[in-house]
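Okay, so here's the structure we're looking at.
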Amino acid sequence: MSTLSAPAVRRPHRDDWLIAVFGLAAGCLSIALGLYNDTTTGRESGALLLLPLAVMAVAEVLRRCGQPWALVLGAAALAADIALGSLLATVIMFSDLVYAAVLYGSRRLRRVVWVGSWLFTLGVAVGTMAYFRDSQALLFGVFAAAVTFTPAWTGLMMRTHRERAEAERLRAEQTALLAEMDRREAVTAERARMARELHDMVANNLSAIAIHSTAALSLDDPVTSREALGVIRENSVQGLAEMRHLIGLLRDTGGDAEPAAAPTLEGVEALVGQARTNGLTATLADERPAGLRLPPPVELAAYRIVQESLTNALKHAGPGTVAVWLGREAGALAVRVTSPLERPESGGPRAPGSGAGLVGMRERVALLGGEFAAGPDGDRRWRVAATLPVDEGTQP
């Protein structure tokens, strides 16, 4: 397909029909009144001027949807009109065709018409000056500029303005789309963060409640039942306090602050003590360097990993010791939790789980750019290992 073709084929616009009808009527009126650009030739031609006038009107109908052929048809009609005496209406309609060719035509047609109008105006001015050798011949150049250069320049300005406006509109749409995508990603990330916090806050206490309530129901021993009810009450109160803390932060800040930023590694010893209360045999080895300062997100992630690992051990671990170790490896905080694997004959976990705990731990470590692994270690023990990078500026 030729690159001179218009960008798209459309039906003639209503305004183009009105322009053509108005131009045709104005030309007919000029003939009736004897208003010709070249009076002598025009009177001799008479009604013959209607032919180029009608052709120019047809070109005007196609000014928006038929470029560049509308301009070619108009140029032929203008040549015939000038030869027959010329009508002002025909000349004005041709100048409008030049304007429309630059405004509505293809990019290549725009360049051709723009350069052609320059060359035509310059050629007419220089040619008439050389032929007549009279300064008044410059009027022919002015006429040529009015018919070709001026409408081409006007169309170029209008097209540039429209293209800039369209580019700004597209840029605004893209910006709005990116903003909406960022908003959705932020909402998704916030929902995932809240889900992790809720799971880690509640799962440990509810698991202990489920295990001890099962024990109280299965054993007909008042002492054991009383101890189980005490543990149930303690975990219920603690879980309720944590839920109130989270809800209060969400109401006060709208979720902008870190809901669970309060827990630090100083509370790991309390976690291990609570695990012992819930029936686990647990040990803690804290080998972190003295004075090591950690960013709050790192401490929070490490705390939640230990908490979730102890919760999983409470639900799944077999008889034996659950070991928690904190230390430093290659400039990073290392967290290790090992627990005995559950025996096949134990009948399954002591409390139901959704599997979200391991997913949440892995997500926490990934957000900090660390490494996480969980699984059996070959010695019939389940091992959770996390390495959390620590910025150099936070180290002693």
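A note on labels: chains of the structure tokens are A, B, ... as shown, every chain counts residues from 1, and ligands are counted from 1 in their shown order.
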
Do a neighbour search on region 319-336 of chain A at 8 Å with only C-alpha atoms, toss out local chain neighbours closer than 6 positions, and write the hits as a PyMOL selection string. chain A and resi 280-289+302+305-306+310+313+342+383-390+392

Quick one: residues within 12 Å of Arg43 (chain A), only C-alpha atoms counted, chain neighbours fewer than 2 positions away excluded, as a PDB file with all heavy atoms, in the first residue's frame?
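Generated file (result.pdb):
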```
ATOM      1  N   SER A  30     -21.032  33.925  -7.959  1.00  0.00           N
ATOM      2  CA  SER A  30     -19.997  34.738  -8.607  1.00  0.00           C
ATOM      3  C   SER A  30     -20.190  34.748 -10.125  1.00  0.00           C
ATOM      4  O   SER A  30     -20.035  35.797 -10.782  1.00  0.00           O
ATOM      5  CB  SER A  30     -18.610  34.195  -8.254  1.00  0.00           C
ATOM      6  OG  SER A  30     -18.376  34.279  -6.865  1.00  0.00           O
ATOM      7  N   ILE A  31     -20.529  33.608 -10.701  1.00  0.00           N
ATOM      8  CA  ILE A  31     -20.772  33.548 -12.155  1.00  0.00           C
ATOM      9  C   ILE A  31     -21.994  34.389 -12.506  1.00  0.00           C
ATOM     10  O   ILE A  31     -22.002  35.130 -13.509  1.00  0.00           O
ATOM     11  CB  ILE A  31     -20.949  32.087 -12.599  1.00  0.00           C
ATOM     12  CG1 ILE A  31     -19.632  31.303 -12.410  1.00  0.00           C
ATOM     13  CG2 ILE A  31     -21.380  32.021 -14.055  1.00  0.00           C
ATOM     14  CD1 ILE A  31     -19.747  29.826 -12.716  1.00  0.00           C
ATOM     15  N   ALA A  32     -23.024  34.289 -11.680  1.00  0.00           N
ATOM     16  CA  ALA A  32     -24.248  35.055 -11.962  1.00  0.00           C
ATOM     17  C   ALA A  32     -23.998  36.556 -11.896  1.00  0.00           C
ATOM     18  O   ALA A  32     -24.569  37.330 -12.683  1.00  0.00           O
ATOM     19  CB  ALA A  32     -25.339  34.652 -10.976  1.00  0.00           C
ATOM     20  N   LEU A  33     -23.113  36.982 -11.011  1.00  0.00           N
ATOM     21  CA  LEU A  33     -22.807  38.401 -10.857  1.00  0.00           C
ATOM     22  C   LEU A  33     -21.645  38.863 -11.731  1.00  0.00           C
ATOM     23  O   LEU A  33     -21.318  40.050 -11.742  1.00  0.00           O
ATOM     24  CB  LEU A  33     -22.496  38.717  -9.383  1.00  0.00           C
ATOM     25  CG  LEU A  33     -23.641  38.483  -8.390  1.00  0.00           C
ATOM     26  CD1 LEU A  33     -23.174  38.765  -6.961  1.00  0.00           C
ATOM     27  CD2 LEU A  33     -24.838  39.357  -8.741  1.00  0.00           C
ATOM     28  N   GLY A  34     -21.004  37.894 -12.423  1.00  0.00           N
ATOM     29  CA  GLY A  34     -19.880  38.244 -13.287  1.00  0.00           C
ATOM     30  C   GLY A  34     -18.624  38.595 -12.519  1.00  0.00           C
ATOM     31  O   GLY A  34     -17.796  39.379 -13.005  1.00  0.00           O
ATOM     32  N   LEU A  35     -18.443  37.994 -11.339  1.00  0.00           N
ATOM     33  CA  LEU A  35     -17.255  38.264 -10.514  1.00  0.00           C
ATOM     34  C   LEU A  35     -16.199  37.204 -10.797  1.00  0.00           C
ATOM     35  O   LEU A  35     -16.208  36.122 -10.218  1.00  0.00           O
ATOM     36  CB  LEU A  35     -17.646  38.268  -9.025  1.00  0.00           C
ATOM     37  CG  LEU A  35     -18.731  39.290  -8.622  1.00  0.00           C
ATOM     38  CD1 LEU A  35     -19.079  39.134  -7.154  1.00  0.00           C
ATOM     39  CD2 LEU A  35     -18.265  40.711  -8.942  1.00  0.00           C
ATOM     40  N   TYR A  36     -15.300  37.545 -11.740  1.00  0.00           N
ATOM     41  CA  TYR A  36     -14.230  36.622 -12.126  1.00  0.00           C
ATOM     42  C   TYR A  36     -12.897  37.211 -11.689  1.00  0.00           C
ATOM     43  O   TYR A  36     -12.707  38.434 -11.641  1.00  0.00           O
ATOM     44  CB  TYR A  36     -14.218  36.400 -13.634  1.00  0.00           C
ATOM     45  CG  TYR A  36     -15.558  36.000 -14.209  1.00  0.00           C
ATOM     46  CD1 TYR A  36     -16.330  36.919 -14.925  1.00  0.00           C
ATOM     47  CD2 TYR A  36     -16.050  34.716 -14.036  1.00  0.00           C
ATOM     48  CE1 TYR A  36     -17.549  36.563 -15.458  1.00  0.00           C
ATOM     49  CE2 TYR A  36     -17.284  34.341 -14.573  1.00  0.00           C
ATOM     50  CZ  TYR A  36     -18.029  35.281 -15.276  1.00  0.00           C
ATOM     51  OH  TYR A  36     -19.244  34.921 -15.791  1.00  0.00           O
ATOM     52  N   ASN A  37     -11.937  36.343 -11.426  1.00  0.00           N
ATOM     53  CA  ASN A  37     -10.577  36.826 -11.126  1.00  0.00           C
ATOM     54  C   ASN A  37      -9.928  37.418 -12.377  1.00  0.00           C
ATOM     55  O   ASN A  37      -9.176  38.400 -12.289  1.00  0.00           O
ATOM     56  CB  ASN A  37      -9.726  35.679 -10.564  1.00  0.00           C
ATOM     57  CG  ASN A  37     -10.235  35.200  -9.209  1.00  0.00           C
ATOM     58  OD1 ASN A  37     -10.848  35.967  -8.470  1.00  0.00           O
ATOM     59  ND2 ASN A  37      -9.995  33.937  -8.898  1.00  0.00           N
ATOM     60  N   ASP A  38     -10.186  36.796 -13.513  1.00  0.00           N
ATOM     61  CA  ASP A  38      -9.748  37.334 -14.809  1.00  0.00           C
ATOM     62  C   ASP A  38     -11.029  37.666 -15.579  1.00  0.00           C
ATOM     63  O   ASP A  38     -11.661  36.796 -16.180  1.00  0.00           O
ATOM     64  CB  ASP A  38      -8.897  36.299 -15.546  1.00  0.00           C
ATOM     65  CG  ASP A  38      -8.316  36.845 -16.855  1.00  0.00           C
ATOM     66  OD1 ASP A  38      -8.788  37.902 -17.325  1.00  0.00           O
ATOM     67  OD2 ASP A  38      -7.394  36.200 -17.395  1.00  0.00           O
ATOM     68  N   THR A  39     -11.401  38.928 -15.567  1.00  0.00           N
ATOM     69  CA  THR A  39     -12.705  39.330 -16.086  1.00  0.00           C
ATOM     70  C   THR A  39     -12.879  38.988 -17.563  1.00  0.00           C
ATOM     71  O   THR A  39     -13.913  38.423 -17.972  1.00  0.00           O
ATOM     72  CB  THR A  39     -12.915  40.838 -15.890  1.00  0.00           C
ATOM     73  OG1 THR A  39     -12.730  41.157 -14.508  1.00  0.00           O
ATOM     74  CG2 THR A  39     -14.316  41.243 -16.323  1.00  0.00           C
ATOM     75  N   THR A  40     -11.873  39.273 -18.367  1.00  0.00           N
ATOM     76  CA  THR A  40     -11.988  39.045 -19.812  1.00  0.00           C
ATOM     77  C   THR A  40     -12.168  37.571 -20.114  1.00  0.00           C
ATOM     78  O   THR A  40     -13.112  37.147 -20.808  1.00  0.00           O
ATOM     79  CB  THR A  40     -10.747  39.590 -20.533  1.00  0.00           C
ATOM     80  OG1 THR A  40     -10.600  40.981 -20.223  1.00  0.00           O
ATOM     81  CG2 THR A  40     -10.870  39.402 -22.020  1.00  0.00           C
ATOM     82  N   THR A  41     -11.256  36.753 -19.601  1.00  0.00           N
ATOM     83  CA  THR A  41     -11.328  35.303 -19.862  1.00  0.00           C
ATOM     84  C   THR A  41     -12.562  34.698 -19.219  1.00  0.00           C
ATOM     85  O   THR A  41     -13.200  33.805 -19.787  1.00  0.00           O
ATOM     86  CB  THR A  41     -10.062  34.606 -19.337  1.00  0.00           C
ATOM     87  OG1 THR A  41      -8.906  35.252 -19.864  1.00  0.00           O
ATOM     88  CG2 THR A  41     -10.048  33.140 -19.723  1.00  0.00           C
ATOM     89  N   SER A  45     -15.487  32.449 -20.964  1.00  0.00           N
ATOM     90  CA  SER A  45     -15.750  31.048 -20.561  1.00  0.00           C
ATOM     91  C   SER A  45     -17.178  30.870 -20.059  1.00  0.00           C
ATOM     92  O   SER A  45     -17.835  29.863 -20.341  1.00  0.00           O
ATOM     93  CB  SER A  45     -14.755  30.635 -19.473  1.00  0.00           C
ATOM     94  OG  SER A  45     -13.422  30.765 -19.920  1.00  0.00           O
ATOM     95  N   GLY A  46     -17.667  31.821 -19.280  1.00  0.00           N
ATOM     96  CA  GLY A  46     -19.038  31.766 -18.791  1.00  0.00           C
ATOM     97  C   GLY A  46     -19.326  30.533 -17.946  1.00  0.00           C
ATOM     98  O   GLY A  46     -18.642  30.255 -16.951  1.00  0.00           O
ATOM     99  N   ALA A  47     -20.311  29.753 -18.383  1.00  0.00           N
ATOM    100  CA  ALA A  47     -20.772  28.602 -17.607  1.00  0.00           C
ATOM    101  C   ALA A  47     -19.756  27.473 -17.547  1.00  0.00           C
ATOM    102  O   ALA A  47     -19.884  26.552 -16.728  1.00  0.00           O
ATOM    103  CB  ALA A  47     -22.071  28.084 -18.188  1.00  0.00           C
ATOM    104  N   LEU A  48     -18.715  27.542 -18.432  1.00  0.00           N
ATOM    105  CA  LEU A  48     -17.690  26.482 -18.366  1.00  0.00           C
ATOM    106  C   LEU A  48     -16.979  26.460 -17.010  1.00  0.00           C
ATOM    107  O   LEU A  48     -16.436  25.426 -16.609  1.00  0.00           O
ATOM    108  CB  LEU A  48     -16.664  26.685 -19.493  1.00  0.00           C
ATOM    109  CG  LEU A  48     -17.150  26.366 -20.912  1.00  0.00           C
ATOM    110  CD1 LEU A  48     -16.061  26.684 -21.933  1.00  0.00           C
ATOM    111  CD2 LEU A  48     -17.555  24.895 -21.012  1.00  0.00           C
ATOM    112  N   LEU A  49     -16.968  27.583 -16.305  1.00  0.00           N
ATOM    113  CA  LEU A  49     -16.317  27.629 -14.994  1.00  0.00           C
ATOM    114  C   LEU A  49     -17.046  26.775 -13.959  1.00  0.00           C
ATOM    115  O   LEU A  49     -16.500  26.477 -12.895  1.00  0.00           O
ATOM    116  CB  LEU A  49     -16.246  29.076 -14.498  1.00  0.00           C
ATOM    117  CG  LEU A  49     -15.142  29.939 -15.126  1.00  0.00           C
ATOM    118  CD1 LEU A  49     -15.353  31.408 -14.799  1.00  0.00           C
ATOM    119  CD2 LEU A  49     -13.784  29.475 -14.638  1.00  0.00           C
ATOM    120  N   LEU A  84      -9.666  29.107 -17.381  1.00  0.00           N
ATOM    121  CA  LEU A  84     -10.973  29.593 -17.837  1.00  0.00           C
ATOM    122  C   LEU A  84     -11.348  30.963 -17.258  1.00  0.00           C
ATOM    123  O   LEU A  84     -12.429  31.465 -17.553  1.00  0.00           O
ATOM    124  CB  LEU A  84     -12.050  28.575 -17.465  1.00  0.00           C
ATOM    125  CG  LEU A  84     -11.963  27.218 -18.176  1.00  0.00           C
ATOM    126  CD1 LEU A  84     -13.009  26.262 -17.625  1.00  0.00           C
ATOM    127  CD2 LEU A  84     -12.134  27.384 -19.690  1.00  0.00           C
ATOM    128  N   GLY A  85     -10.492  31.534 -16.446  1.00  0.00           N
ATOM    129  CA  GLY A  85     -10.794  32.859 -15.899  1.00  0.00           C
ATOM    130  C   GLY A  85     -10.801  32.909 -14.395  1.00  0.00           C
ATOM    131  O   GLY A  85     -10.657  33.973 -13.810  1.00  0.00           O
ATOM    132  N   SER A  86     -11.047  31.788 -13.739  1.00  0.00           N
ATOM    133  CA  SER A  86     -10.897  31.631 -12.289  1.00  0.00           C
ATOM    134  C   SER A  86     -12.006  32.307 -11.494  1.00  0.00           C
ATOM    135  O   SER A  86     -12.420  33.434 -11.760  1.00  0.00           O
ATOM    136  CB  SER A  86      -9.543  32.169 -11.812  1.00  0.00           C
ATOM    137  OG  SER A  86      -9.364  31.896 -10.445  1.00  0.00           O
ATOM    138  N   LEU A  87     -12.456  31.556 -10.489  1.00  0.00           N
ATOM    139  CA  LEU A  87     -13.424  32.042  -9.502  1.00  0.00           C
ATOM    140  C   LEU A  87     -12.767  32.045  -8.119  1.00  0.00           C
ATOM    141  O   LEU A  87     -12.004  31.124  -7.776  1.00  0.00           O
ATOM    142  CB  LEU A  87     -14.665  31.155  -9.471  1.00  0.00           C
ATOM    143  CG  LEU A  87     -15.533  31.130 -10.730  1.00  0.00           C
ATOM    144  CD1 LEU A  87     -16.612  30.062 -10.585  1.00  0.00           C
ATOM    145  CD2 LEU A  87     -16.143  32.485 -11.005  1.00  0.00           C
TER     146      LEU A  87
END
```

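Neighbouring residues of Ile19 (chain A) at 12 Å or closer, counting only C-alpha atoms and skipping chain neighbours under 5 positions away, are A:Pro12, A:His13, A:Arg14, A:Leu24, A:Ala25, A:Ala26, A:Met56, A:Ala57, A:Val58, A:Ala59, A:Glu60, A:Val61, A:Leu62, A:Arg63, A:Arg64, A:Ala89, A:Thr90, A:Ile92, A:Met93, A:Phe94, A:Asp96, A:Leu97.
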
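Counting only C-alpha atoms and comparing A:Thr121, A:Tyr303, A:Gly42, A:Ala144, the residue that lies closest to Gly267 (chain A) is A:Tyr303.
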